[in-house]
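**Student:** I am sharing model.txt, which consists of compact mmCIF, C-alpha atoms:
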# COMPACT_ATOMS: atom_id res chain seq x y z
CA MET A 1 0.00 0.00 0.00
CA ILE A 2 2.69 2.41 1.06
CA ASP A 3 4.82 1.34 -1.91
CA TRP A 4 1.95 1.88 -4.32
CA PHE A 5 1.31 5.29 -2.77
CA LEU A 6 4.93 6.35 -3.09
CA ASP A 7 5.16 5.00 -6.64
CA THR A 8 2.07 6.75 -7.97
CA PHE A 9 2.57 10.14 -6.45
CA GLY A 10 6.33 9.91 -6.78
CA SER A 11 6.08 9.45 -10.54
CA VAL A 12 3.59 12.31 -10.89
CA GLY A 13 5.81 14.60 -8.85
CA GLN A 14 8.87 13.54 -10.79
CA ARG A 15 7.19 14.31 -14.08
CA VAL A 16 6.04 17.75 -12.97
CA LEU A 17 9.44 18.63 -11.56
CA GLN A 18 11.12 17.39 -14.74
CA SER A 19 8.98 19.53 -17.01
CA VAL A 20 9.36 22.58 -14.78
CA ARG A 21 13.12 22.06 -14.75
CA ARG A 22 13.16 21.73 -18.54
CA LEU A 23 11.10 24.89 -18.90
CA GLY A 24 13.50 26.75 -16.65
CA TYR A 25 16.44 25.37 -18.59
CA ALA A 26 14.82 26.50 -21.86
CA ALA A 27 14.21 29.99 -20.48
CA ARG A 28 17.81 30.30 -19.27
CA PHE A 29 19.07 29.00 -22.60
CA PHE A 30 16.97 31.64 -24.39
CA LEU A 31 18.38 34.41 -22.20
CA LEU A 32 21.91 33.06 -22.68
CA THR A 33 21.41 33.11 -26.45
CA LEU A 34 20.15 36.69 -26.30
CA ALA A 35 23.15 37.68 -24.17
CA LYS A 36 25.51 36.12 -26.71
CA SER A 37 23.82 37.69 -29.74
CA GLY A 38 26.57 40.29 -30.14
CA THR A 39 28.44 38.11 -32.62
CA SER A 40 25.35 37.78 -34.81
CA PHE A 41 25.25 41.52 -35.35
CA ALA A 42 28.98 42.06 -35.56
CA ARG A 43 29.10 39.39 -38.29
CA PHE A 44 25.70 39.97 -39.85
CA GLY A 45 26.57 37.59 -42.69
CA LEU A 46 25.83 34.71 -40.34
CA VAL A 47 22.28 35.99 -39.79
CA VAL A 48 21.85 36.64 -43.52
CA LYS A 49 22.66 32.99 -44.19
CA GLU A 50 20.04 31.90 -41.68
CA ILE A 51 17.46 34.30 -43.11
CA TYR A 52 18.10 32.57 -46.41
CA ALA A 53 17.64 29.12 -44.86
CA ALA A 54 14.62 30.01 -42.75
CA GLY A 55 12.95 32.75 -44.78
CA VAL A 56 13.80 32.56 -48.46
CA LEU A 57 13.50 28.79 -48.64
CA SER A 58 10.09 28.94 -46.89
CA LEU A 59 8.81 31.46 -49.43
CA VAL A 60 7.27 28.96 -51.84
CA ILE A 61 5.17 27.13 -49.28
CA ILE A 62 4.12 30.41 -47.61
CA LEU A 63 3.10 32.12 -50.85
CA VAL A 64 1.25 29.11 -52.26
CA SER A 65 -0.58 28.47 -48.97
CA GLY A 66 -1.45 32.16 -48.66
CA LEU A 67 -2.91 32.24 -52.14
CA PHE A 68 -5.02 29.15 -51.54
CA VAL A 69 -6.19 30.23 -48.09
CA GLY A 70 -7.25 33.58 -49.57
CA MET A 71 -9.07 31.90 -52.46
CA VAL A 72 -10.91 29.52 -50.13
CA LEU A 73 -11.87 32.49 -47.92
CA GLY A 74 -13.24 34.16 -51.06
CA PHE A 75 -15.48 31.19 -51.89
CA GLN A 76 -16.66 30.47 -48.37
CA GLY A 77 -17.11 34.11 -47.46
CA TYR A 78 -19.10 34.76 -50.61
CA ASN A 79 -21.40 31.81 -49.93
CA THR A 80 -22.19 32.99 -46.43
CA LEU A 81 -22.39 36.71 -47.17
CA ALA A 82 -24.58 36.19 -50.24
CA ARG A 83 -27.20 34.73 -47.94
CA TYR A 84 -27.51 38.12 -46.26
CA GLY A 85 -27.19 40.08 -49.47
CA SER A 86 -23.93 41.69 -48.36
CA GLU A 87 -21.45 40.28 -50.87
CA SER A 88 -19.77 43.66 -51.00
CA ALA A 89 -18.39 43.01 -47.50
CA LEU A 90 -16.31 40.13 -48.91
CA GLY A 91 -13.17 42.27 -48.97
CA VAL A 92 -13.61 43.13 -45.29
CA LEU A 93 -14.04 39.47 -44.36
CA VAL A 94 -11.02 38.30 -46.35
CA ALA A 95 -8.72 41.12 -45.24
CA LEU A 96 -9.63 41.07 -41.56
CA SER A 97 -9.41 37.29 -41.20
CA LEU A 98 -6.05 37.25 -42.94
CA VAL A 99 -4.43 40.28 -41.32
CA ARG A 100 -5.63 39.57 -37.80
CA GLU A 101 -5.54 35.78 -37.52
CA LEU A 102 -4.82 33.53 -40.44
CA GLY A 103 -1.78 35.39 -41.74
CA PRO A 104 0.26 35.28 -38.53
CA VAL A 105 -1.02 31.91 -37.28
CA VAL A 106 -0.97 29.80 -40.44
CA SER A 107 2.36 31.20 -41.61
CA ALA A 108 3.82 30.52 -38.13
CA LEU A 109 2.53 26.93 -38.21
CA LEU A 110 4.03 26.43 -41.66
CA PHE A 111 7.22 28.11 -40.52
CA ALA A 112 7.44 25.73 -37.56
CA GLY A 113 7.07 22.76 -39.88
CA ARG A 114 9.32 24.01 -42.63
CA ALA A 115 12.09 25.96 -40.87
CA GLY A 116 11.78 25.07 -37.17
CA SER A 117 12.15 21.34 -37.75
CA ALA A 118 15.17 21.93 -40.00
CA MET A 119 16.83 24.08 -37.32
CA THR A 120 16.31 21.43 -34.66
CA ALA A 121 17.58 18.64 -36.88
CA GLU A 122 20.63 20.64 -37.92
CA ILE A 123 21.67 21.66 -34.42
CA GLY A 124 20.82 18.20 -33.05
CA LEU A 125 22.97 16.51 -35.68
CA MET A 126 25.79 18.96 -35.06
CA LYS A 127 25.61 17.91 -31.43
CA ALA A 128 25.37 14.19 -32.25
CA THR A 129 28.40 14.36 -34.53
CA GLU A 130 30.25 16.37 -31.84
CA GLN A 131 30.72 19.43 -34.02
CA LEU A 132 29.51 21.65 -31.19
CA VAL A 133 32.05 20.15 -28.80
CA ALA A 134 34.74 20.59 -31.43
CA MET A 135 33.86 24.26 -31.76
CA ASP A 136 34.05 24.66 -28.02
CA MET A 137 37.53 23.10 -28.13
CA MET A 138 38.59 25.69 -30.69
CA ALA A 139 37.37 28.42 -28.34
CA VAL A 140 34.43 29.19 -30.62
CA ASP A 141 31.29 29.54 -28.56
CA PRO A 142 28.67 27.29 -30.23
CA VAL A 143 25.81 29.32 -28.73
CA ALA A 144 27.13 32.55 -30.21
CA ARG A 145 28.25 31.00 -33.50
CA VAL A 146 25.49 28.45 -34.23
CA VAL A 147 22.44 29.14 -32.07
CA ALA A 148 22.15 32.95 -31.93
CA PRO A 149 22.27 33.57 -35.73
CA ARG A 150 19.52 30.98 -36.24
CA LEU A 151 17.40 32.60 -33.56
CA TRP A 152 17.75 36.05 -35.13
CA GLY A 153 17.31 34.75 -38.66
CA GLY A 154 14.01 33.20 -37.61
CA ILE A 155 12.84 36.26 -35.67
CA LEU A 156 13.59 38.57 -38.61
CA SER A 157 12.05 36.25 -41.22
CA MET A 158 8.76 35.49 -39.52
CA PRO A 159 7.03 38.92 -39.72
CA LEU A 160 8.08 39.31 -43.36
CA LEU A 161 6.74 35.87 -44.23
CA SER A 162 3.44 36.53 -42.50
CA ALA A 163 3.05 39.93 -44.20
CA MET A 164 3.60 38.26 -47.56
CA PHE A 165 1.14 35.52 -46.62
CA SER A 166 -1.55 38.11 -45.82
CA ALA A 167 -0.87 40.19 -48.93
CA VAL A 168 -0.97 37.17 -51.23
CA GLY A 169 -4.06 35.92 -49.42
CA VAL A 170 -5.90 39.20 -50.00
CA PHE A 171 -4.91 38.91 -53.65
CA GLY A 172 -6.29 35.35 -53.71
CA GLY A 173 -9.56 36.57 -52.21
CA TYR A 174 -9.65 39.29 -54.86
CA LEU A 175 -9.07 36.73 -57.63
CA VAL A 176 -11.96 34.55 -56.50
CA GLY A 177 -14.32 37.26 -55.31
CA VAL A 178 -13.91 39.91 -57.98
CA VAL A 179 -12.42 38.17 -61.01
CA LEU A 180 -14.18 34.81 -60.75
CA ILE A 181 -17.49 35.48 -58.98
CA GLY A 182 -17.90 39.10 -59.96
CA VAL A 183 -18.30 41.02 -56.70
CA ASP A 184 -18.09 44.73 -57.40
CA GLU A 185 -14.41 45.72 -57.39
CA GLY A 186 -14.92 49.21 -56.00
CA SER A 187 -16.88 48.14 -52.96
CA PHE A 188 -14.52 45.20 -52.40
CA TRP A 189 -11.53 47.51 -51.92
CA SER A 190 -13.26 50.54 -50.42
CA GLN A 191 -15.14 48.59 -47.75
CA MET A 192 -11.91 46.77 -46.96
CA GLN A 193 -10.01 50.02 -46.57
CA ALA A 194 -12.77 51.50 -44.42
CA ALA A 195 -12.80 48.51 -42.08
CA VAL A 196 -9.10 47.62 -41.75
CA ASP A 197 -7.29 49.94 -39.40
CA PHE A 198 -3.53 50.33 -39.60
CA ARG A 199 -2.83 50.52 -35.89
CA GLU A 200 -5.58 48.21 -34.70
CA ASP A 201 -5.35 45.41 -37.25
CA ILE A 202 -2.12 45.51 -39.24
CA VAL A 203 0.26 46.48 -36.45
CA ASN A 204 -1.36 43.94 -34.12
CA GLY A 205 -0.92 41.28 -36.79
CA VAL A 206 2.76 42.17 -37.10
CA ILE A 207 3.17 42.04 -33.31
CA LYS A 208 1.61 38.57 -33.32
CA SER A 209 3.96 37.34 -36.03
CA VAL A 210 7.02 38.70 -34.20
CA VAL A 211 5.95 36.90 -31.02
CA PHE A 212 5.38 33.68 -32.98
CA GLY A 213 8.76 34.06 -34.64
CA VAL A 214 10.48 34.36 -31.25
CA ALA A 215 8.51 31.41 -29.84
CA VAL A 216 9.05 29.04 -32.77
CA THR A 217 12.76 29.67 -33.23
CA ALA A 218 13.46 29.69 -29.48
CA ILE A 219 11.76 26.29 -29.17
CA ALA A 220 13.51 24.97 -32.30
CA VAL A 221 17.04 25.93 -31.25
CA PHE A 222 16.48 24.76 -27.69
CA GLU A 223 15.14 21.36 -28.75
CA GLY A 224 18.08 20.96 -31.10
CA TYR A 225 20.64 21.98 -28.49
CA ASP A 226 19.00 19.82 -25.84
CA ALA A 227 18.48 16.75 -28.06
CA PRO A 228 20.04 13.46 -26.93
CA PRO A 229 23.00 12.98 -29.30
CA THR A 230 21.60 9.88 -31.01
CA ALA A 231 19.65 9.32 -34.20
CA GLU A 232 16.51 8.59 -32.20
CA GLY A 233 17.06 11.59 -29.94
CA VAL A 234 17.36 13.98 -32.89
CA SER A 235 14.25 12.58 -34.57
CA ARG A 236 12.27 12.91 -31.34
CA ALA A 237 13.52 16.44 -30.79
CA THR A 238 12.42 17.39 -34.32
CA THR A 239 8.95 16.00 -33.71
CA ARG A 240 8.76 17.80 -30.37
CA THR A 241 9.71 21.09 -32.02
CA VAL A 242 6.80 20.90 -34.44
CA VAL A 243 4.27 19.73 -31.84
CA THR A 244 5.33 22.11 -29.07
CA SER A 245 5.64 25.16 -31.27
CA SER A 246 2.27 24.51 -32.93
CA LEU A 247 0.58 24.30 -29.54
CA VAL A 248 2.46 27.36 -28.26
CA ILE A 249 1.46 29.34 -31.37
CA LEU A 250 -2.23 28.52 -30.91
CA GLY A 251 -2.11 29.21 -27.16
CA LEU A 252 -0.25 32.52 -27.54
CA ASP A 253 -2.62 33.50 -30.35
CA PHE A 254 -5.62 33.02 -28.09
CA ILE A 255 -4.05 35.09 -25.33
CA MET A 256 -2.98 37.91 -27.66
CA THR A 257 -6.34 37.97 -29.43
CA ALA A 258 -8.08 38.20 -26.08
CA PHE A 259 -5.99 41.26 -25.23
CA MET A 260 -5.92 42.93 -28.65
CA PHE A 261 -9.45 42.51 -29.96
CA ARG A 262 -11.51 42.35 -26.81
CA GLY A 263 -13.76 45.28 -27.57
CA MET B 264 30.18 33.99 -55.89
CA GLN B 265 27.92 31.78 -53.76
CA ARG B 266 27.97 34.57 -51.24
CA THR B 267 26.56 37.21 -53.56
CA THR B 268 23.63 35.13 -54.87
CA LEU B 269 22.68 34.39 -51.28
CA ASP B 270 22.81 38.08 -50.46
CA VAL B 271 20.66 38.90 -53.46
CA TRP B 272 18.03 36.36 -52.46
CA VAL B 273 17.91 37.63 -48.89
CA GLY B 274 17.73 41.19 -50.18
CA LEU B 275 14.83 40.28 -52.46
CA PHE B 276 13.14 38.48 -49.57
CA VAL B 277 13.44 41.44 -47.21
CA VAL B 278 12.31 43.94 -49.84
CA GLY B 279 9.41 41.65 -50.77
CA GLY B 280 8.36 41.37 -47.15
CA LEU B 281 8.49 45.12 -46.60
CA ALA B 282 6.59 45.66 -49.85
CA ALA B 283 3.90 43.27 -48.63
CA LEU B 284 3.64 45.27 -45.39
CA LEU B 285 3.36 48.47 -47.41
CA VAL B 286 0.63 46.95 -49.58
CA LEU B 287 -1.24 45.89 -46.45
CA ALA B 288 -0.89 49.36 -44.95
CA LEU B 289 -1.87 51.34 -48.05
CA LYS B 290 -4.07 49.10 -50.16
CA VAL B 291 -5.78 46.99 -47.50
CA GLY B 292 -5.66 49.36 -44.57
CA ASN B 293 -6.53 53.01 -44.36
CA LEU B 294 -3.14 54.50 -43.61
CA SER B 295 -3.29 56.79 -46.64
CA ALA B 296 -6.61 58.26 -45.49
CA LEU B 297 -5.24 59.00 -42.05
CA GLY B 298 -4.60 62.69 -41.62
CA MET B 299 -4.43 62.26 -37.87
CA SER B 300 -1.89 65.02 -37.31
CA HIS B 301 -4.24 67.75 -38.57
CA THR B 302 -7.54 67.39 -36.83
CA TYR B 303 -9.63 69.38 -34.40
CA THR B 304 -12.18 68.12 -31.91
CA VAL B 305 -15.74 69.26 -31.49
CA TYR B 306 -18.37 67.78 -29.21
CA ALA B 307 -22.00 66.84 -29.65
CA ASP B 308 -24.54 65.73 -27.03
CA PHE B 309 -27.02 63.07 -28.03
CA GLY B 310 -30.05 61.74 -26.15
CA ASN B 311 -29.33 58.27 -27.46
CA ILE B 312 -26.41 57.15 -29.58
CA GLY B 313 -27.81 53.71 -30.40
CA GLY B 314 -24.96 51.51 -31.60
CA LEU B 315 -22.46 54.24 -32.42
CA LYS B 316 -18.89 53.12 -31.82
CA VAL B 317 -15.61 54.93 -31.29
CA ARG B 318 -13.81 55.31 -34.67
CA ALA B 319 -17.10 55.42 -36.56
CA PRO B 320 -16.90 57.83 -39.52
CA VAL B 321 -18.23 61.38 -39.48
CA LYS B 322 -19.69 62.20 -42.87
CA SER B 323 -20.92 65.37 -44.46
CA ALA B 324 -22.68 65.10 -47.81
CA GLY B 325 -21.55 61.47 -47.78
CA VAL B 326 -17.84 62.32 -47.60
CA VAL B 327 -15.84 61.14 -44.60
CA VAL B 328 -14.63 64.32 -42.85
CA GLY B 329 -13.58 62.83 -39.51
CA ARG B 330 -13.98 60.08 -36.96
CA VAL B 331 -15.66 59.62 -33.58
CA SER B 332 -12.81 59.74 -31.09
CA ASP B 333 -14.57 59.32 -27.77
CA ILE B 334 -17.97 58.52 -26.34
CA ALA B 335 -18.78 59.35 -22.72
CA PHE B 336 -21.85 59.60 -20.54
CA ASP B 337 -22.51 63.02 -19.00
CA ASN B 338 -23.91 62.49 -15.53
CA LYS B 339 -25.32 66.05 -15.31
CA THR B 340 -27.38 66.17 -18.47
CA PHE B 341 -27.81 62.38 -18.70
CA GLU B 342 -26.83 62.52 -22.31
CA ALA B 343 -24.06 60.91 -24.34
CA ARG B 344 -21.17 63.26 -25.08
CA VAL B 345 -19.52 62.31 -28.35
CA ALA B 346 -16.16 63.76 -29.36
CA LEU B 347 -15.70 64.16 -33.11
CA ASN B 348 -12.23 64.44 -34.63
CA LEU B 349 -12.69 66.50 -37.77
CA ASP B 350 -10.17 66.97 -40.53
CA ALA B 351 -8.59 70.42 -40.22
CA ARG B 352 -9.14 71.06 -43.93
CA TYR B 353 -12.91 71.25 -43.38
CA HIS B 354 -14.81 73.90 -41.43
CA PHE B 355 -18.47 73.86 -40.55
CA PRO B 356 -20.84 76.69 -39.50
CA VAL B 357 -21.68 76.89 -35.79
CA ASP B 358 -25.34 76.08 -36.47
CA SER B 359 -24.51 72.78 -38.17
CA SER B 360 -26.46 69.80 -36.95
CA ALA B 361 -25.13 66.35 -36.10
CA ASP B 362 -27.34 63.31 -36.70
CA ILE B 363 -26.66 59.68 -35.98
CA LEU B 364 -27.50 57.77 -39.14
CA THR B 365 -27.22 54.22 -40.35
CA SER B 366 -25.67 53.22 -43.65
CA GLY B 367 -28.09 50.79 -45.20
CA LEU B 368 -30.67 48.87 -43.24
CA LEU B 369 -28.26 46.90 -41.06
CA GLY B 370 -25.03 48.77 -41.74
CA GLU B 371 -22.77 50.55 -39.31
CA GLN B 372 -23.84 53.78 -37.66
CA TYR B 373 -22.12 57.04 -38.40
CA VAL B 374 -22.45 60.71 -37.55
CA GLY B 375 -23.86 62.88 -40.33
CA LEU B 376 -22.95 66.58 -40.23
CA GLU B 377 -25.52 68.85 -41.88
CA PRO B 378 -23.96 72.30 -42.43
CA GLY B 379 -25.90 75.33 -41.21
CA ALA B 380 -26.01 78.86 -42.59
CA SER B 381 -24.00 80.84 -40.05
CA ASN B 382 -20.90 82.75 -41.07
CA ARG B 383 -18.98 81.73 -37.98
CA VAL B 384 -17.32 78.31 -38.03
CA LEU B 385 -17.05 75.68 -35.30
CA ALA B 386 -13.87 76.17 -33.31
CA ALA B 387 -11.88 73.37 -31.71
CA GLY B 388 -13.50 72.30 -28.44
CA SER B 389 -16.89 73.82 -29.19
CA THR B 390 -20.15 71.89 -28.93
CA ILE B 391 -22.66 71.30 -31.68
CA ARG B 392 -26.08 72.43 -30.40
CA LEU B 393 -28.38 70.82 -32.91
CA THR B 394 -28.31 67.05 -32.66
CA GLN B 395 -30.59 64.22 -33.58
CA SER B 396 -30.38 60.92 -31.76
CA ALA B 397 -30.10 57.53 -33.36
CA VAL B 398 -33.28 55.92 -34.54
CA ILE B 399 -33.90 52.92 -32.31
CA LEU B 400 -35.66 50.25 -34.34
CA GLU B 401 -37.49 48.83 -31.29
CA ASN B 402 -38.93 52.25 -30.38
CA LEU B 403 -39.99 52.76 -33.96
CA ILE B 404 -41.78 49.42 -34.07
CA GLY B 405 -43.36 50.13 -30.68
CA GLN B 406 -44.58 53.51 -31.89
CA PHE B 407 -45.92 51.98 -35.06
CA LEU B 408 -47.83 49.29 -33.18
CA PHE B 409 -49.17 51.88 -30.75
CA ASN B 410 -50.40 54.10 -33.57
CA LYS B 411 -51.88 51.13 -35.34
CA ALA B 412 -53.76 50.04 -32.24
CA GLN B 413 -55.03 53.57 -31.64
CA GLY B 414 -56.04 53.98 -35.24
CA GLY B 415 -57.81 50.62 -35.20
CA SER B 416 -60.03 51.44 -32.21
CA GLY B 417 -60.59 55.13 -32.82
CA ALA B 418 -61.33 55.03 -36.51
CA SER B 419 -63.42 51.92 -36.71
CA GLY B 420 -65.92 53.41 -39.10
CA GLY B 421 -63.91 56.00 -40.95
CA ALA B 422 -60.58 56.67 -42.54
CA GLY B 423 -57.35 56.40 -40.55
CA GLN B 424 -54.81 59.15 -40.38
Go ahead and express the file in the form of structure tokens.
**Tutor:**
Amino acid sequence: MIDWFLDTFGSVGQRVLQSVRRLGYAARFFLLTLAKSGTSFARFGLVVKEIYAAGVLSLVIILVSGLFVGMVLGFQGYNTLARYGSESALGVLVALSLVRELGPVVSALLFAGRAGSAMTAEIGLMKATEQLVAMDMMAVDPVARVVAPRLWGGILSMPLLSAMFSAVGVFGGYLVGVVLIGVDEGSFWSQMQAAVDFREDIVNGVIKSVVFGVAVTAIAVFEGYDAPPTAEGVSRATTRTVVTSSLVILGLDFIMTAFMFRG
Amino acid sequence: MQRTTLDVWVGLFVVGGLAALLVLALKVGNLSALGMSHTYTVYADFGNIGGLKVRAPVKSAGVVVGRVSDIAFDNKTFEARVALNLDARYHFPVDSSADILTSGLLGEQYVGLEPGASNRVLAAGSTIRLTQSAVILENLIGQFLFNKAQGGSGASGGAGQ
């Protein structure tokens, strides 16, 4: 009885403590990376290379997804709005959903899958093949040389990607709504411009995407750096990056939406 | 060589991203129509503002000339005090009237400014005297039913009003 008691509650407590410890470790690792970011800006070429890997190479998937999400919004929005005879509000629906929610969130989810997983796998493999240790031996700080540029590359890429996603999405909505279905072009744009506020909607969308960029890349580099240096460990860390950052994106999005668009 | 193509791609990416932001700000949003630096504020008291919201447009002759910047309840007059931010390019006579109107049957509510005939113009901080409250659909229906009922009993044999 006593053994069972100790076993059950002991394992629960151990799990909780382990995850809290890991969270604390992740937070300290994030702060350490920020503190060692000086090199990234002194040698900005390192960051440029990571922007290429994280941003430019994600462009295709982001642009294609944005176009299709916008086109689907055009169809679905038209179907629903036509029921109330307010098809002219299609532009408002497409633009607001994209700029406020879908742009930042969907592009961050894609970014986590496309760039976050690659970052984790790369850093994890560097650790497994002892490249990080070798760097340390050569008095090159792996956090400053490998981790920090990836973090900044991701943070700088994410808002740009999400802005492009939203812009292409609005264009997709325009293609379906105006070109294909034939909603009046003037009211499509003018109602959109009347309803979308720069400060309230666009800036808040950019803030969201910056926060997602920080969250996704911080999780990705931490999982990679913390991965057990085996093939299985790296594969698990990659999976964890995608799962954790997706959940974190959705959770953070709910919290930020609750604060930004309450009234 | 590898180095330069990479730089070009990243440059294109960054410029493309900033261009997308600019498109969002100018084409999708209303940044271009925002002359927020040159506005003046006038006030108007309404008995009932209905569903008027902060940031609703202020229109005169159908043209947007400003925005509602604040809505407050005055505990002395028991009326709603609405602050209107008007574009400094436009001036209105002091006897202009402010009405709360609805665009379309179910559209958003806005403030309509009907210019008066006075030679003096509204100064910043002044209050518009002539106002007309929002039309509340429920009151209208109630009034209609009331009139109908009255008309039905009073004019049983003759013509209604």
**Student:** What does the structure give for the distance between CA of Phe222 (chain A) and CA of Ser19 (chain A), in Å to one decimal?
**Tutor:**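 Straight-line distance from CA of Phe222 (chain A) to CA of Ser19 (chain A) works out to 14.1 Å.
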**Student:** Mind listing as number ranges by chain which residues of chain B are within 6 Å of chain A, counting only C-alpha atoms?
**Tutor:** B: 273, 280, 283-284, 291-294
**Student:** Taking C-alpha atoms for each residue, export the selection above as a PDB file, keeping the file's coordinate frame.
**Tutor:**
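Contents of out36.pdb, freshly written:
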ATOM      1  CA  VAL B 273      17.910  37.630 -48.890  1.00  0.00           C
ATOM      2  CA  GLY B 280       8.360  41.370 -47.150  1.00  0.00           C
ATOM      3  CA  ALA B 283       3.900  43.270 -48.630  1.00  0.00           C
ATOM      4  CA  LEU B 284       3.640  45.270 -45.390  1.00  0.00           C
ATOM      5  CA  VAL B 291      -5.780  46.990 -47.500  1.00  0.00           C
ATOM      6  CA  GLY B 292      -5.660  49.360 -44.570  1.00  0.00           C
ATOM      7  CA  ASN B 293      -6.530  53.010 -44.360  1.00  0.00           C
ATOM      8  CA  LEU B 294      -3.140  54.500 -43.610  1.00  0.00           C
TER       9      LEU B 294
END
**Student:** To one decimal place, how far is CA of Ala42 (chain A) from CA of Thr217 (chain A) in Å?
**Tutor:** 20.5 Å
**Student:** Skipping near chain neighbours, those fewer than 5 positions away, what residues fall within 9 Å of Val106 (chain A) using all atoms listed in the file, listed as a list in words?
**Tutor:**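 My reading of the contact set: Ile62, Ser65, Gly66, Glu101, Phe111, Ser162 and Phe165 of chain A.
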**Student:** Which of these residues is nearest to Thr340 (chain B), using all atoms listed in the file: B:Pro320, B:Gly379, B:Gly310, B:Pro356?
**Tutor:**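 Closest to Thr340 (chain B), using all atoms listed in the file: B:Gly310.
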**Student:** For CA of Asp333 (chain B) and CA of Leu349 (chain B), quote the distance in Å rounded to one decimal.
**Tutor:**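 Value for the CA of Asp333 (chain B)-CA of Leu349 (chain B) distance: 12.5 Å.
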**Student:** Restricting the calculation to all atoms listed in the file: of B:Phe336, B:Tyr373, B:Phe355, B:Phe409, which residue gets closest to Tyr303 (chain B)?
**Tutor:** B:Phe355
**Student:** Which residues, written as a PDB file with C-alpha atoms, keeping the file's coordinate frame, have at least one atom at most 12 Å from region 233-239 of chain A, with only C-alpha atoms counted and residues fewer than 3 positions away on the same chain left out?
**Tutor:**
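After the write, selection_9.pdb holds the following:
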ATOM      1  CA  ALA A 112       7.440  25.730 -37.560  1.00  0.00           C
ATOM      2  CA  GLY A 113       7.070  22.760 -39.880  1.00  0.00           C
ATOM      3  CA  ARG A 114       9.320  24.010 -42.630  1.00  0.00           C
ATOM      4  CA  ALA A 115      12.090  25.960 -40.870  1.00  0.00           C
ATOM      5  CA  GLY A 116      11.780  25.070 -37.170  1.00  0.00           C
ATOM      6  CA  SER A 117      12.150  21.340 -37.750  1.00  0.00           C
ATOM      7  CA  ALA A 118      15.170  21.930 -40.000  1.00  0.00           C
ATOM      8  CA  MET A 119      16.830  24.080 -37.320  1.00  0.00           C
ATOM      9  CA  THR A 120      16.310  21.430 -34.660  1.00  0.00           C
ATOM     10  CA  ALA A 121      17.580  18.640 -36.880  1.00  0.00           C
ATOM     11  CA  GLU A 122      20.630  20.640 -37.920  1.00  0.00           C
ATOM     12  CA  ILE A 123      21.670  21.660 -34.420  1.00  0.00           C
ATOM     13  CA  GLY A 124      20.820  18.200 -33.050  1.00  0.00           C
ATOM     14  CA  LEU A 125      22.970  16.510 -35.680  1.00  0.00           C
ATOM     15  CA  MET A 126      25.790  18.960 -35.060  1.00  0.00           C
ATOM     16  CA  LYS A 127      25.610  17.910 -31.430  1.00  0.00           C
ATOM     17  CA  ALA A 128      25.370  14.190 -32.250  1.00  0.00           C
ATOM     18  CA  THR A 129      28.400  14.360 -34.530  1.00  0.00           C
ATOM     19  CA  ILE A 219      11.760  26.290 -29.170  1.00  0.00           C
ATOM     20  CA  ALA A 220      13.510  24.970 -32.300  1.00  0.00           C
ATOM     21  CA  VAL A 221      17.040  25.930 -31.250  1.00  0.00           C
ATOM     22  CA  PHE A 222      16.480  24.760 -27.690  1.00  0.00           C
ATOM     23  CA  GLU A 223      15.140  21.360 -28.750  1.00  0.00           C
ATOM     24  CA  GLY A 224      18.080  20.960 -31.100  1.00  0.00           C
ATOM     25  CA  TYR A 225      20.640  21.980 -28.490  1.00  0.00           C
ATOM     26  CA  ASP A 226      19.000  19.820 -25.840  1.00  0.00           C
ATOM     27  CA  ALA A 227      18.480  16.750 -28.060  1.00  0.00           C
ATOM     28  CA  PRO A 228      20.040  13.460 -26.930  1.00  0.00           C
ATOM     29  CA  PRO A 229      23.000  12.980 -29.300  1.00  0.00           C
ATOM     30  CA  THR A 230      21.600   9.880 -31.010  1.00  0.00           C
ATOM     31  CA  VAL A 242       6.800  20.900 -34.440  1.00  0.00           C
ATOM     32  CA  VAL A 243       4.270  19.730 -31.840  1.00  0.00           C
ATOM     33  CA  THR A 244       5.330  22.110 -29.070  1.00  0.00           C
ATOM     34  CA  SER A 245       5.640  25.160 -31.270  1.00  0.00           C
ATOM     35  CA  SER A 246       2.270  24.510 -32.930  1.00  0.00           C
TER      36      SER A 246
END
**Student:** Give me the residues within 7 Å of Val374 (chain B) as number ranges by chain, counting all atoms listed in the file and dropping any in the same chain fewer than 5 places off.
**Tutor:** B: 320-322, 361-364
**Student:** So, with all atoms listed in the file as the atoms that count, which of A:Leu90, A:Leu17, A:Ala215, A:Ala144 lies closest to Gly182 (chain A)?
**Tutor:**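 With all atoms listed in the file as the atom set, the closest residue is A:Leu90.
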**Student:** With all atoms listed in the file as the basis for distance, which of A:Phe171, A:Leu32, A:Thr39, A:Ala26 is at the shortest distance from Val94 (chain A)?
**Tutor:** A:Phe171
**Student:** Using all atoms listed in the file, which of the listed residues (B:Ala380, B:Val345, B:Lys290, B:His301) sits closest to Val317 (chain B)?
**Tutor:**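 Result for the nearest residue to Val317 (chain B): B:Val345.
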**Student:** Identify, on the basis of only C-alpha atoms, every residue whose closest approach to region 400-407 of chain B does not exceed 12 Å; exclude the query and any residue fewer than 2 positions from it along the same chain; express the result as a PyMOL selection string.
**Tutor:** chain B and resi 311+313-314+365+368-369+397-398+409-415
**Student:** Please write as a list of chain:residue names the list of polymer residues whose atoms come within 9 Å of (-11.2, 81.1, -40.5), counting all atoms listed in the file and keeping to the coordinates of the file.
**Tutor:** B:His354, B:Arg383, B:Val384
**Student:** Could you write out the selected residues, including C-alpha atoms, as a PDB file, keeping the file's coordinate frame?
**Tutor:**
ATOM      1  CA  HIS B 354     -14.810  73.900 -41.430  1.00  0.00           C
ATOM      2  CA  ARG B 383     -18.980  81.730 -37.980  1.00  0.00           C
ATOM      3  CA  VAL B 384     -17.320  78.310 -38.030  1.00  0.00           C
TER       4      VAL B 384
END
